[in-house]
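Trainee: So that you have it, the file is coords23.cif, and it contains mmCIF, C-alpha atoms:
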```cif
data_work
loop_
_atom_site.label_atom_id
_atom_site.label_comp_id
_atom_site.auth_asym_id
_atom_site.auth_seq_id
_atom_site.Cartn_x
_atom_site.Cartn_y
_atom_site.Cartn_z
CA ARG A 1 -88.05 221.69 242.07
CA GLU A 2 -84.69 221.18 240.34
CA GLU A 3 -86.46 220.29 237.10
CA LEU A 4 -88.74 223.33 237.40
CA GLU A 5 -85.80 225.68 238.02
CA ALA A 6 -83.90 224.14 235.11
CA GLU A 7 -86.81 225.02 232.85
CA HIS A 8 -87.26 228.49 234.37
CA PRO A 9 -83.87 229.73 235.64
CA GLU A 10 -85.26 233.23 236.00
CA GLU A 11 -87.40 231.97 238.86
CA ILE A 12 -84.43 230.81 240.99
CA THR A 13 -84.23 232.73 244.28
CA PRO A 14 -81.27 232.92 246.71
CA ASP A 15 -83.27 231.15 249.43
CA SER A 16 -84.24 228.22 247.24
CA PRO A 17 -83.31 224.83 248.75
CA THR A 18 -81.41 224.04 245.56
CA GLN A 19 -79.08 226.98 246.22
CA ARG A 20 -78.17 225.84 249.74
CA VAL A 21 -75.56 223.27 248.65
CA GLY A 22 -73.03 223.91 245.92
CA GLY A 23 -71.88 221.24 243.49
CA LYS A 24 -68.21 222.20 243.42
CA ILE A 25 -65.59 220.99 245.88
CA LEU A 26 -63.20 223.80 246.81
CA ASP A 27 -59.42 223.49 246.58
CA ALA A 28 -58.89 225.82 249.57
CA PHE A 29 -60.60 228.59 251.53
CA GLN A 30 -59.82 232.15 250.53
CA PRO A 31 -58.91 234.83 253.11
CA TYR A 32 -61.62 237.28 254.14
CA ALA A 33 -60.75 240.67 255.67
CA HIS A 34 -63.30 241.70 258.30
CA GLU A 35 -64.38 245.31 257.79
CA VAL A 36 -65.41 245.44 261.44
CA PRO A 37 -62.99 243.36 263.58
CA LEU A 38 -64.43 240.35 265.38
CA GLU A 39 -62.96 241.07 268.80
CA SER A 40 -62.41 238.47 271.50
CA LEU A 41 -63.48 239.05 275.12
CA GLN A 42 -61.53 239.29 278.34
CA ASP A 43 -62.20 236.29 280.59
CA VAL A 44 -63.20 236.53 284.26
CA PHE A 45 -63.45 233.55 286.59
CA ASN A 46 -65.13 234.55 289.84
CA GLU A 47 -67.67 236.84 291.46
CA GLY A 48 -65.00 239.30 292.56
CA GLU A 49 -63.83 239.86 288.99
CA VAL A 50 -67.41 240.38 287.80
CA ALA A 51 -67.98 242.91 290.58
CA ALA A 52 -64.75 244.71 289.67
CA PHE A 53 -65.88 244.95 286.03
CA CYS A 54 -69.28 246.37 287.03
CA GLU A 55 -67.64 248.85 289.40
CA LYS A 56 -65.34 250.07 286.65
CA MET A 57 -68.30 250.48 284.27
CA GLU A 58 -70.31 252.43 286.85
CA GLU A 59 -67.36 254.72 287.52
CA ALA A 60 -67.31 255.60 283.83
CA LEU A 61 -71.05 255.51 283.04
CA GLY A 62 -72.86 256.15 286.32
CA PRO A 63 -74.82 253.92 288.72
CA MET A 64 -77.65 253.24 286.24
CA ALA A 65 -75.43 251.51 283.70
CA GLU A 66 -77.39 248.82 281.84
CA TYR A 67 -76.06 245.43 280.78
CA SER A 68 -77.00 242.52 278.56
CA VAL A 69 -76.24 239.06 279.99
CA GLU A 70 -76.14 236.14 277.54
CA PRO A 71 -74.99 232.51 277.45
CA LYS A 72 -71.61 232.09 275.78
CA VAL A 73 -72.08 229.50 273.04
CA ASP A 74 -69.18 227.08 272.65
CA GLY A 75 -68.95 227.01 268.88
CA LEU A 76 -67.22 228.76 265.98
CA SER A 77 -67.60 232.52 265.54
CA VAL A 78 -68.52 233.78 262.05
CA ALA A 79 -69.53 236.97 260.26
CA LEU A 80 -72.42 237.01 257.77
CA GLU A 81 -72.58 239.74 255.13
CA TYR A 82 -75.75 240.82 253.29
CA ARG A 83 -76.19 243.26 250.40
CA ASP A 84 -79.63 244.59 249.55
CA GLY A 85 -81.09 241.94 251.83
CA VAL A 86 -79.29 238.99 250.16
CA PHE A 87 -76.62 236.84 251.82
CA VAL A 88 -73.43 237.26 249.79
CA ARG A 89 -70.51 236.16 251.99
CA GLY A 90 -69.60 234.58 255.29
CA ALA A 91 -66.32 233.97 257.06
CA THR A 92 -64.77 232.50 260.18
CA ARG A 93 -63.33 234.81 262.83
CA GLY A 94 -59.71 233.82 262.20
CA ASP A 95 -57.53 236.26 264.14
CA GLY A 96 -60.37 238.76 264.36
CA ARG A 97 -59.18 240.78 261.37
CA VAL A 98 -58.74 238.14 258.68
CA GLY A 99 -60.71 234.90 258.56
CA GLU A 100 -61.55 232.27 255.95
CA ASP A 101 -64.33 232.61 253.41
CA VAL A 102 -66.68 229.69 254.14
CA THR A 103 -69.69 231.08 252.26
CA GLU A 104 -70.65 227.82 250.56
CA ASN A 105 -70.68 225.92 253.83
CA LEU A 106 -72.65 228.63 255.62
CA ARG A 107 -75.30 228.38 252.91
CA THR A 108 -75.98 224.84 254.15
CA VAL A 109 -76.89 226.10 257.65
CA ARG A 110 -80.68 226.16 257.40
CA SER A 111 -81.16 228.70 260.17
CA ILE A 112 -79.14 231.33 258.30
CA PRO A 113 -81.60 233.34 256.15
CA MET A 114 -80.53 233.77 252.55
CA THR A 115 -82.79 236.80 252.08
CA LEU A 116 -84.05 239.37 254.59
CA PRO A 117 -87.41 241.21 254.78
CA GLU A 118 -85.71 244.62 254.89
CA LYS A 119 -83.31 245.26 252.02
CA LEU A 120 -80.61 247.37 253.69
CA PRO A 121 -77.74 248.26 251.35
CA ARG A 122 -75.35 246.43 253.63
CA LEU A 123 -75.64 244.41 256.82
CA ILE A 124 -73.01 242.38 258.70
CA VAL A 125 -73.92 240.25 261.72
CA ARG A 126 -71.88 238.04 263.99
CA GLY A 127 -72.95 234.68 265.32
CA GLU A 128 -71.73 231.39 266.73
CA VAL A 129 -72.09 228.30 264.55
CA TYR A 130 -72.68 225.19 266.65
CA MET A 131 -73.74 221.57 266.46
CA ALA A 132 -76.75 220.87 268.66
CA ARG A 133 -76.25 218.23 271.35
CA SER A 134 -78.98 216.04 269.87
CA VAL A 135 -77.35 216.15 266.42
CA PHE A 136 -73.91 215.43 267.89
CA GLU A 137 -75.19 212.39 269.76
CA SER A 138 -77.05 211.12 266.70
CA ILE A 139 -74.02 211.44 264.43
CA ASN A 140 -71.74 209.75 266.96
CA ALA A 141 -74.21 206.89 267.43
CA LYS A 142 -74.21 206.32 263.68
CA ARG A 143 -70.41 206.54 263.45
CA GLU A 144 -70.08 203.98 266.26
CA LEU A 145 -72.30 201.53 264.38
CA GLU A 146 -70.21 202.07 261.25
CA GLY A 147 -66.97 201.52 263.17
CA LYS A 148 -65.76 205.08 262.53
CA PRO A 149 -63.86 207.24 265.06
CA LEU A 150 -66.20 209.26 267.28
CA MET A 151 -66.22 213.06 267.22
CA ALA A 152 -64.61 214.49 270.36
CA ASN A 153 -67.19 217.15 271.28
CA PRO A 154 -69.81 219.38 269.65
CA ARG A 155 -67.48 222.37 269.31
CA ASN A 156 -64.77 220.45 267.45
CA ALA A 157 -67.45 218.76 265.36
CA ALA A 158 -68.91 222.14 264.34
CA ALA A 159 -65.51 223.65 263.57
CA GLY A 160 -64.44 220.62 261.53
CA SER A 161 -67.72 220.56 259.63
CA LEU A 162 -67.60 224.25 258.73
CA ARG A 163 -64.08 223.80 257.34
CA GLN A 164 -64.99 220.96 254.98
CA LEU A 165 -63.99 221.79 251.41
CA ASP A 166 -67.02 219.82 250.21
CA SER A 167 -70.20 221.69 251.22
CA LYS A 168 -72.24 218.49 250.83
CA ILE A 169 -70.42 217.04 253.84
CA CYS A 170 -71.08 220.20 255.83
CA ALA A 171 -74.79 220.01 254.92
CA GLN A 172 -74.99 216.50 256.38
CA ARG A 173 -73.76 217.79 259.76
CA GLN A 174 -76.93 219.87 260.37
CA LEU A 175 -75.15 222.87 261.86
CA ASP A 176 -77.04 225.72 263.54
CA ILE A 177 -76.28 229.31 264.54
CA ALA A 178 -76.98 231.79 267.32
CA VAL A 179 -76.55 235.42 266.25
CA PHE A 180 -75.29 237.69 269.03
CA ASN A 181 -74.08 240.96 267.52
CA LEU A 182 -74.77 243.51 264.82
CA GLN A 183 -71.46 244.52 263.25
CA LEU A 184 -72.63 246.98 260.60
CA ALA A 185 -75.96 248.28 259.25
CA GLU A 186 -76.10 250.81 256.43
CA GLY A 187 -79.33 252.77 256.44
CA ARG A 188 -80.31 251.99 260.06
CA GLU A 189 -79.41 253.49 263.42
CA PHE A 190 -79.74 251.89 266.85
CA THR A 191 -79.20 253.07 270.40
CA SER A 192 -78.75 249.80 272.28
CA HIS A 193 -77.55 246.23 271.89
CA ALA A 194 -80.98 244.93 272.88
CA GLU A 195 -82.54 247.01 270.10
CA THR A 196 -80.17 245.53 267.51
CA LEU A 197 -80.98 241.97 268.59
CA ASP A 198 -84.72 242.67 268.43
CA TYR A 199 -84.23 244.02 264.93
CA LEU A 200 -82.20 240.98 263.85
CA ALA A 201 -84.91 238.69 265.22
CA SER A 202 -87.43 240.57 263.04
CA GLN A 203 -85.16 239.81 260.07
CA ARG A 204 -85.53 236.05 260.70
CA PHE A 205 -82.18 235.50 262.44
CA LYS A 206 -81.93 233.04 265.33
CA VAL A 207 -80.83 235.40 268.07
CA ILE A 208 -79.07 234.53 271.33
CA PRO A 209 -81.35 234.56 274.41
CA ARG A 210 -80.48 237.42 276.77
CA LYS A 211 -81.63 239.57 279.67
CA THR A 212 -81.15 243.33 280.16
CA LEU A 213 -80.18 244.05 283.77
CA HIS A 214 -78.87 246.68 286.22
CA GLY A 215 -76.53 246.13 289.15
CA THR A 216 -73.94 243.56 290.14
CA ALA A 217 -76.28 241.40 292.22
CA ASP A 218 -78.74 240.83 289.36
CA ILE A 219 -75.91 240.14 286.94
CA GLN A 220 -74.34 237.56 289.26
CA ALA A 221 -77.70 235.87 289.75
CA GLU A 222 -78.24 235.63 285.98
CA ILE A 223 -74.75 234.19 285.45
CA PHE A 224 -75.49 231.44 287.98
CA ARG A 225 -78.97 230.81 286.53
CA ILE A 226 -77.50 230.27 283.07
CA ASN A 227 -75.01 227.78 284.50
CA ASP A 228 -77.73 225.93 286.45
CA GLU A 229 -79.87 225.65 283.31
CA ARG A 230 -77.07 225.10 280.78
CA MET A 231 -78.43 221.69 279.76
CA ASP A 232 -81.73 223.32 278.74
CA TYR A 233 -80.02 225.08 275.82
CA PRO A 234 -79.69 223.19 272.52
CA PHE A 235 -76.04 224.25 272.31
CA GLU A 236 -73.03 223.73 274.57
CA ILE A 237 -72.01 226.77 276.63
CA ASP A 238 -68.76 227.48 278.45
CA GLY A 239 -69.70 230.70 280.19
CA ALA A 240 -71.83 233.83 280.21
CA VAL A 241 -71.16 237.17 278.52
CA VAL A 242 -71.79 240.52 280.25
CA LYS A 243 -72.01 243.52 277.87
CA VAL A 244 -72.80 247.19 278.30
CA ASN A 245 -76.13 247.68 276.56
CA SER A 246 -75.79 251.28 275.32
CA LEU A 247 -74.00 251.54 271.96
CA SER A 248 -72.93 255.14 272.60
CA ASP A 249 -71.44 254.06 275.94
CA ARG A 250 -69.52 251.34 274.14
CA THR A 251 -68.03 253.96 271.83
CA ILE A 252 -66.98 256.07 274.80
CA LEU A 253 -65.35 253.10 276.55
CA GLY A 254 -63.55 251.84 273.44
CA SER A 255 -61.17 248.87 273.36
CA THR A 256 -57.70 247.86 274.48
CA ALA A 257 -55.24 246.34 272.03
CA LYS A 258 -56.86 242.96 272.69
CA PHE A 259 -60.41 243.35 274.07
CA PRO A 260 -63.38 245.71 274.15
CA LYS A 261 -63.53 247.47 277.52
CA TRP A 262 -67.33 247.21 277.66
CA ALA A 263 -67.69 243.42 277.95
CA VAL A 264 -66.32 240.36 279.78
CA ALA A 265 -66.83 236.62 279.45
CA TYR A 266 -67.43 234.76 282.73
CA LYS A 267 -65.94 231.29 282.26
CA TYR A 268 -67.60 228.52 284.21
CA PRO A 269 -65.33 226.10 286.07
CA PRO A 270 -64.98 222.62 284.52
CA GLU A 271 -68.04 220.45 285.10
CA LYS A 272 -67.48 217.72 287.70
CA LYS A 273 -69.54 214.57 288.20
CA TYR A 274 -69.32 211.26 290.06
CA ALA A 275 -68.89 207.92 288.31
CA LYS A 276 -68.10 204.39 289.44
CA VAL A 277 -64.86 202.57 288.55
CA THR A 278 -66.03 199.23 287.15
CA ASP A 279 -62.58 198.01 286.11
CA ILE A 280 -58.94 199.02 285.61
CA VAL A 281 -57.33 197.89 282.37
CA VAL A 282 -53.73 198.24 281.23
CA GLN A 283 -52.60 199.29 277.77
CA VAL A 284 -49.06 198.76 276.47
CA GLY A 285 -47.72 201.57 274.30
CA ARG A 286 -45.31 201.43 271.38
CA THR A 287 -42.32 202.04 273.67
CA GLY A 288 -43.45 199.39 276.14
CA VAL A 289 -44.88 201.76 278.79
CA LEU A 290 -47.83 200.31 280.73
CA THR A 291 -50.66 202.85 281.02
CA PRO A 292 -53.55 202.03 283.37
CA LYS A 293 -57.06 203.20 282.50
CA ALA A 294 -60.17 203.33 284.67
CA VAL A 295 -63.34 202.01 283.07
CA LEU A 296 -66.24 204.14 284.32
CA THR A 297 -70.00 203.95 284.40
CA PRO A 298 -71.06 206.36 281.61
CA VAL A 299 -71.31 209.99 282.74
CA ARG A 300 -72.09 213.10 280.70
CA LEU A 301 -69.34 215.75 280.93
CA ALA A 302 -68.75 218.91 278.89
CA GLY A 303 -70.91 217.72 276.04
CA THR A 304 -69.74 214.12 275.70
CA THR A 305 -70.32 210.78 277.40
CA VAL A 306 -67.25 209.73 279.36
CA THR A 307 -66.65 205.99 279.88
CA ASN A 308 -62.98 205.90 280.89
CA ALA A 309 -60.20 208.03 282.35
CA THR A 310 -56.43 207.65 282.28
CA LEU A 311 -54.75 206.77 285.57
CA HIS A 312 -51.28 207.77 284.29
CA ASN A 313 -49.09 205.47 286.40
CA GLN A 314 -48.78 203.53 289.66
CA ASP A 315 -47.84 206.64 291.65
CA PHE A 316 -51.07 208.37 290.58
CA ILE A 317 -53.17 205.35 291.57
CA THR A 318 -51.41 205.03 294.92
CA GLU A 319 -51.60 208.74 295.74
CA LYS A 320 -55.36 208.91 295.16
CA ASP A 321 -55.91 205.32 296.38
CA ILE A 322 -58.16 204.43 293.43
CA ARG A 323 -59.69 200.96 293.61
CA ILE A 324 -62.10 198.96 291.46
CA GLY A 325 -65.61 199.64 292.76
CA ASP A 326 -64.80 203.16 293.98
CA THR A 327 -67.01 206.17 293.29
CA VAL A 328 -64.77 208.91 291.91
CA LEU A 329 -65.14 212.61 291.03
CA VAL A 330 -64.38 213.17 287.34
CA GLN A 331 -63.81 216.27 285.24
CA LYS A 332 -62.38 217.01 281.81
CA ALA A 333 -58.94 218.60 281.96
CA GLY A 334 -59.11 221.55 279.57
CA GLU A 335 -62.65 220.41 278.69
CA ILE A 336 -61.10 217.55 276.68
CA ILE A 337 -59.31 214.78 278.62
CA PRO A 338 -61.25 212.99 281.40
CA GLU A 339 -59.38 212.86 284.71
CA ILE A 340 -60.13 211.56 288.21
CA LEU A 341 -59.91 214.22 290.92
CA SER A 342 -60.69 212.26 294.08
CA VAL A 343 -62.34 209.19 295.61
CA ASP A 344 -65.52 209.33 297.70
CA LEU A 345 -64.39 207.07 300.53
CA THR A 346 -67.89 207.02 302.06
CA LYS A 347 -69.06 204.97 299.06
CA ARG A 348 -66.15 202.52 298.90
CA PRO A 349 -67.51 198.94 298.78
CA GLU A 350 -66.45 196.56 301.51
CA GLY A 351 -63.49 194.42 300.52
CA ALA A 352 -62.22 196.75 297.75
CA LYS A 353 -58.51 196.03 297.30
CA SER A 354 -55.65 198.39 296.51
CA TYR A 355 -54.63 198.21 292.85
CA THR A 356 -51.11 197.40 291.71
CA LEU A 357 -49.93 197.28 288.12
CA PRO A 358 -49.03 193.78 286.87
CA THR A 359 -45.44 192.57 287.26
CA VAL A 360 -45.48 190.95 283.81
CA CYS A 361 -46.51 192.47 280.49
CA PRO A 362 -50.17 191.66 279.67
CA VAL A 363 -49.25 191.46 275.97
CA CYS A 364 -46.04 189.37 275.79
CA GLY A 365 -45.57 188.08 279.34
CA ALA A 366 -42.12 189.64 279.76
CA PRO A 367 -41.18 191.09 283.19
CA VAL A 368 -42.13 194.70 283.92
CA ALA A 369 -39.61 197.15 285.39
CA ARG A 370 -39.87 200.71 286.63
CA ASP A 371 -37.88 203.39 284.78
CA GLU A 372 -34.90 204.53 286.85
CA ASP A 373 -35.58 208.19 286.10
CA GLY A 374 -39.38 208.29 286.26
CA ALA A 375 -42.70 206.79 287.33
CA ALA A 376 -43.32 204.76 284.17
CA MET A 377 -43.55 200.97 284.32
CA ARG A 378 -42.14 199.41 281.17
CA CYS A 379 -42.23 196.00 279.51
CA THR A 380 -38.64 194.68 279.40
CA GLY A 381 -39.43 192.68 276.27
CA ALA A 382 -40.26 195.82 274.22
CA GLY A 383 -36.57 196.57 273.34
CA THR A 384 -36.08 192.86 272.31
CA GLU A 385 -39.30 192.82 270.25
CA SER A 386 -38.40 196.07 268.48
CA ALA A 387 -34.93 194.73 267.69
CA GLU A 388 -36.38 191.51 266.31
CA ASN A 389 -38.82 193.47 264.17
CA LEU A 390 -35.95 195.58 262.84
CA ILE A 391 -33.87 192.50 262.03
CA ARG A 392 -36.84 190.90 260.22
CA ALA A 393 -37.39 194.11 258.24
CA ILE A 394 -33.71 194.26 257.24
CA GLU A 395 -33.69 190.61 256.17
CA LYS A 396 -36.87 191.15 254.16
CA SER A 397 -35.38 194.21 252.46
CA LYS A 398 -32.46 192.09 251.22
CA ALA A 399 -34.85 190.23 248.98
CA ASN A 400 -36.01 193.45 247.33
CA ASP A 401 -34.96 194.26 243.78
CA LEU A 402 -31.81 196.43 243.56
CA SER A 403 -33.64 198.95 241.37
CA LYS A 404 -36.05 199.69 244.22
CA LEU A 405 -33.14 200.41 246.57
CA ILE A 406 -31.47 202.74 244.03
CA TYR A 407 -34.76 204.55 243.41
CA GLY A 408 -35.39 204.76 247.17
CA LEU A 409 -32.09 206.60 247.72
CA GLY A 410 -33.70 209.70 246.21
CA ILE A 411 -30.84 210.51 243.80
CA ARG A 412 -31.65 213.55 241.68
CA GLN A 413 -32.52 212.77 238.05
CA VAL A 414 -32.77 209.04 238.86
CA GLY A 415 -36.36 207.88 238.50
CA GLU A 416 -37.74 204.35 238.36
CA LYS A 417 -36.63 203.82 234.77
CA ALA A 418 -33.04 205.01 235.32
CA ALA A 419 -32.82 202.97 238.53
CA ALA A 420 -33.81 199.81 236.63
CA VAL A 421 -31.16 200.53 233.95
CA LEU A 422 -28.43 201.02 236.58
CA ALA A 423 -29.45 197.84 238.45
CA ARG A 424 -29.30 195.75 235.26
CA HIS A 425 -25.91 197.17 234.28
CA PHE A 426 -24.05 196.88 237.59
CA GLY A 427 -25.85 194.04 239.37
CA THR A 428 -24.77 195.12 242.87
CA LEU A 429 -24.75 198.36 244.85
CA ASN A 430 -21.02 198.03 245.52
CA ALA A 431 -20.30 197.89 241.81
CA LEU A 432 -22.47 200.94 241.21
CA THR A 433 -20.80 203.05 243.93
CA ALA A 434 -17.32 202.10 242.64
CA ALA A 435 -18.08 202.98 239.01
CA PRO A 436 -16.17 205.97 237.54
CA THR A 437 -18.03 208.87 235.92
CA GLU A 438 -16.93 207.80 232.43
CA GLU A 439 -18.60 204.40 232.81
CA LEU A 440 -21.79 205.94 234.18
CA THR A 441 -22.17 208.42 231.32
CA GLU A 442 -21.80 205.66 228.72
CA ILE A 443 -24.97 203.96 230.02
CA PRO A 444 -28.19 204.78 228.10
CA ASP A 445 -30.54 207.15 229.99
CA VAL A 446 -27.70 208.32 232.30
CA GLY A 447 -26.08 211.69 231.52
CA GLU A 448 -23.58 214.03 233.14
CA ILE A 449 -26.25 215.89 235.16
CA THR A 450 -27.38 212.71 236.89
CA ASP A 451 -25.71 212.83 240.32
#
```
How would this structure read if it were set down as structure tokens?

Mentor:
Amino acid sequence: REELEAEHPEEITPDSPTQRVGGKILDAFQPYAHEVPLESLQDVFNEGEVAAFCEKMEEALGPMAEYSVEPKVDGLSVALEYRDGVFVRGATRGDGRVGEDVTENLRTVRSIPMTLPEKLPRLIVRGEVYMARSVFESINAKRELEGKPLMANPRNAAAGSLRQLDSKICAQRQLDIAVFNLQLAEGREFTSHAETLDYLASQRFKVIPRKTLHGTADIQAEIFRINDERMDYPFEIDGAVVKVNSLSDRTILGSTAKFPKWAVAYKYPPEKKYAKVTDIVVQVGRTGVLTPKAVLTPVRLAGTTVTNATLHNQDFITEKDIRIGDTVLVQKAGEIIPEILSVDLTKRPEGAKSYTLPTVCPVCGAPVARDEDGAAMRCTGAGTESAENLIRAIEKSKANDLSKLIYGLGIRQVGEKAAAVLARHFGTLNALTAAPTEELTEIPDVGEITD
């Protein structure tokens, strides 16, 4: 196809596979001002807050208020701009008013149409770019085989991929998108959110799944259903979004300084699962602190496979009475760091023994002592080892050439060449520092402005 298009450039179309990936690596992303702000949503965390939102809407709109309930994709929000049915620009949300132009990277997302069936003068849509679970797991499996660091979670992987300055790298990450809002449409009018999503689906966009509902009870039930079936979606979700369906009602309700008044995001509590502690290992940090870590049977949490959790210190282990062989309840603190919440004592194996941190350092064998002002256990040999390393480094530096030391001082106007001249002339640093200005200025390559 590339050869054919080279021979007939007039036949190149915007949706051609050859136009999906650019050949130029960017120096930086340019700012992009959103004509229609990409607002964030107010979070709610329980049934009472959802009911309060619905009650407030019904007070303003009447008892037959209609809502759209959708899964909240845990990805990176973007705006896509089309002119005369052709994709021309795309940008990240940024602060909602100004984002970054990531057009070239968005072109690599195969599910974003480059041309649309209906050629409206202007169309802007909003969606969530994500990395599918299956893609995330495949990429991490490959990185593990190659000895590369693993990606933390699908959301971070998607965000990092979309901000690659080389679009070829972004293309390799196989990103996807779920479109969830129509921002602007010149030449078209709509009455409801559901109508806009149906239209966008007809224009070949991948649209977020949703249900149109009435009443608090049905909305609550749909929120819980989405959570129960969250693993059935190809993308990670961290909640459900409840929106007023009528566009005219949205205009009436308006927005606060931070959020639209016509929508809320129900955030699901952190996912918790049980895993078995197969071992407890101790790591020694740079400052000599001993940090215990529980090795766990693999468990899937918040989009990643967890195989260990930090145990912080001896006090934490003692307080929760964590033992090797225990079955423990695990969650990700802030959806990132695995932590142990509790022990299921009914599943404790017979003969499991209380765990105590070692009294000698597992690395150097030096005694371990508890910090006087804290819970940390520290290797007593770490101060000695650091001192010895410093002494060795100092002794090694004495063998370095004097010119390197002079250059390393960062004296203005003294580069490598001038440093070599000064070293040859004076021989020692003491002689150099004692030299009067007159002597210095007589040396070739050293003038009065060198200070």

Trainee: Expand the PyMOL selection byres ((chain A and resi 377) around 7) into the individual residues it matches in the shown file, reporting them as a list in words.

Mentor: Val289, Leu290, Val368, Ala369, Arg370, Asp371, Ala375, Ala376 and Arg378 of chain A

Trainee: Tell me which protein, DNA and RNA residues are within 12 Å of A:Glu350, counting all atoms listed in the file, leaving out same-chain ones fewer than 4 positions away, and put them as a ChimeraX atom specification.

Mentor: /A:323-326,345-346

Trainee: For atom CA of A:Asp166 and atom CA of A:Asn105, determine how far apart the two atoms are, in Å to one decimal place.

Mentor: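 Distance between the two atoms: 8.0 Å.
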
Trainee: Could you tell me which of A:Pro121, A:Gly239, A:Pro154, A:Gly99 comes closest to A:Glu70 if we count all atoms listed in the file?

Mentor: A:Gly239

Trainee: Just say which residues the PyMOL selection byres ((chain A and resi 318) around 12) picks in this file, as a list in words.

Mentor: Leu311, His312, Asn313, Gln314, Asp315, Phe316, Ile317, Glu319, Lys320, Asp321, Ile322, Arg323, Ser342, Val343, Lys353, Ser354, Tyr355, Thr356, Leu357 and Ala375 of chain A

Trainee: A:Ala152: which residues within 9 Å, counting only C-alpha atoms, same-chain residues fewer than 4 positions away excluded, as a list in words?

Mentor: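 My reading of the contact set: Asn156, Ala157, Thr304 and Ile336 of chain A.
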
Trainee: Keeping only C-alpha atoms, write the selected residues to a file as a tab-separated table (two decimals), in the coordinates of the input.

Mentor:
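Okay, part_2.tsv is ready:
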```tsv
chain	number	residue	atom	x	y	z
A	156	ASN	CA	-64.77	220.45	267.45
A	157	ALA	CA	-67.45	218.76	265.36
A	304	THR	CA	-69.74	214.12	275.70
A	336	ILE	CA	-61.10	217.55	276.68
```

Trainee: For this structure, which residues satisfy the selection - the PyMOL selection byres ((chain A and resi 213-226) around 10) - when it is evaluated on the file as given? I want them as a JSON list (two decimals) with C-alpha atoms, in the coordinates of the input.

Mentor:
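Written output follows (result-v8.json):
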```json
[["chain", "number", "residue", "atom", "x", "y", "z"],
["A", 46, "ASN", "CA", -65.13, 234.55, 289.84],
["A", 47, "GLU", "CA", -67.67, 236.84, 291.46],
["A", 50, "VAL", "CA", -67.41, 240.38, 287.80],
["A", 51, "ALA", "CA", -67.98, 242.91, 290.58],
["A", 52, "ALA", "CA", -64.75, 244.71, 289.67],
["A", 53, "PHE", "CA", -65.88, 244.95, 286.03],
["A", 54, "CYS", "CA", -69.28, 246.37, 287.03],
["A", 55, "GLU", "CA", -67.64, 248.85, 289.40],
["A", 58, "GLU", "CA", -70.31, 252.43, 286.85],
["A", 63, "PRO", "CA", -74.82, 253.92, 288.72],
["A", 64, "MET", "CA", -77.65, 253.24, 286.24],
["A", 65, "ALA", "CA", -75.43, 251.51, 283.70],
["A", 66, "GLU", "CA", -77.39, 248.82, 281.84],
["A", 67, "TYR", "CA", -76.06, 245.43, 280.78],
["A", 68, "SER", "CA", -77.00, 242.52, 278.56],
["A", 69, "VAL", "CA", -76.24, 239.06, 279.99],
["A", 70, "GLU", "CA", -76.14, 236.14, 277.54],
["A", 71, "PRO", "CA", -74.99, 232.51, 277.45],
["A", 72, "LYS", "CA", -71.61, 232.09, 275.78],
["A", 210, "ARG", "CA", -80.48, 237.42, 276.77],
["A", 211, "LYS", "CA", -81.63, 239.57, 279.67],
["A", 212, "THR", "CA", -81.15, 243.33, 280.16],
["A", 227, "ASN", "CA", -75.01, 227.78, 284.50],
["A", 228, "ASP", "CA", -77.73, 225.93, 286.45],
["A", 229, "GLU", "CA", -79.87, 225.65, 283.31],
["A", 230, "ARG", "CA", -77.07, 225.10, 280.78],
["A", 231, "MET", "CA", -78.43, 221.69, 279.76],
["A", 232, "ASP", "CA", -81.73, 223.32, 278.74],
["A", 233, "TYR", "CA", -80.02, 225.08, 275.82],
["A", 237, "ILE", "CA", -72.01, 226.77, 276.63],
["A", 239, "GLY", "CA", -69.70, 230.70, 280.19],
["A", 240, "ALA", "CA", -71.83, 233.83, 280.21],
["A", 241, "VAL", "CA", -71.16, 237.17, 278.52],
["A", 242, "VAL", "CA", -71.79, 240.52, 280.25],
["A", 244, "VAL", "CA", -72.80, 247.19, 278.30],
["A", 245, "ASN", "CA", -76.13, 247.68, 276.56],
["A", 266, "TYR", "CA", -67.43, 234.76, 282.73],
["A", 267, "LYS", "CA", -65.94, 231.29, 282.26],
["A", 268, "TYR", "CA", -67.60, 228.52, 284.21]]
```

Trainee: Env of A:Lys404: 9 Å cut, atoms = only C-alpha atoms, seq-sep filter 2 positions within chain, self excluded. Answer as number ranges by chain.

Mentor: A: 400-402, 406-409, 416, 419-420, 423
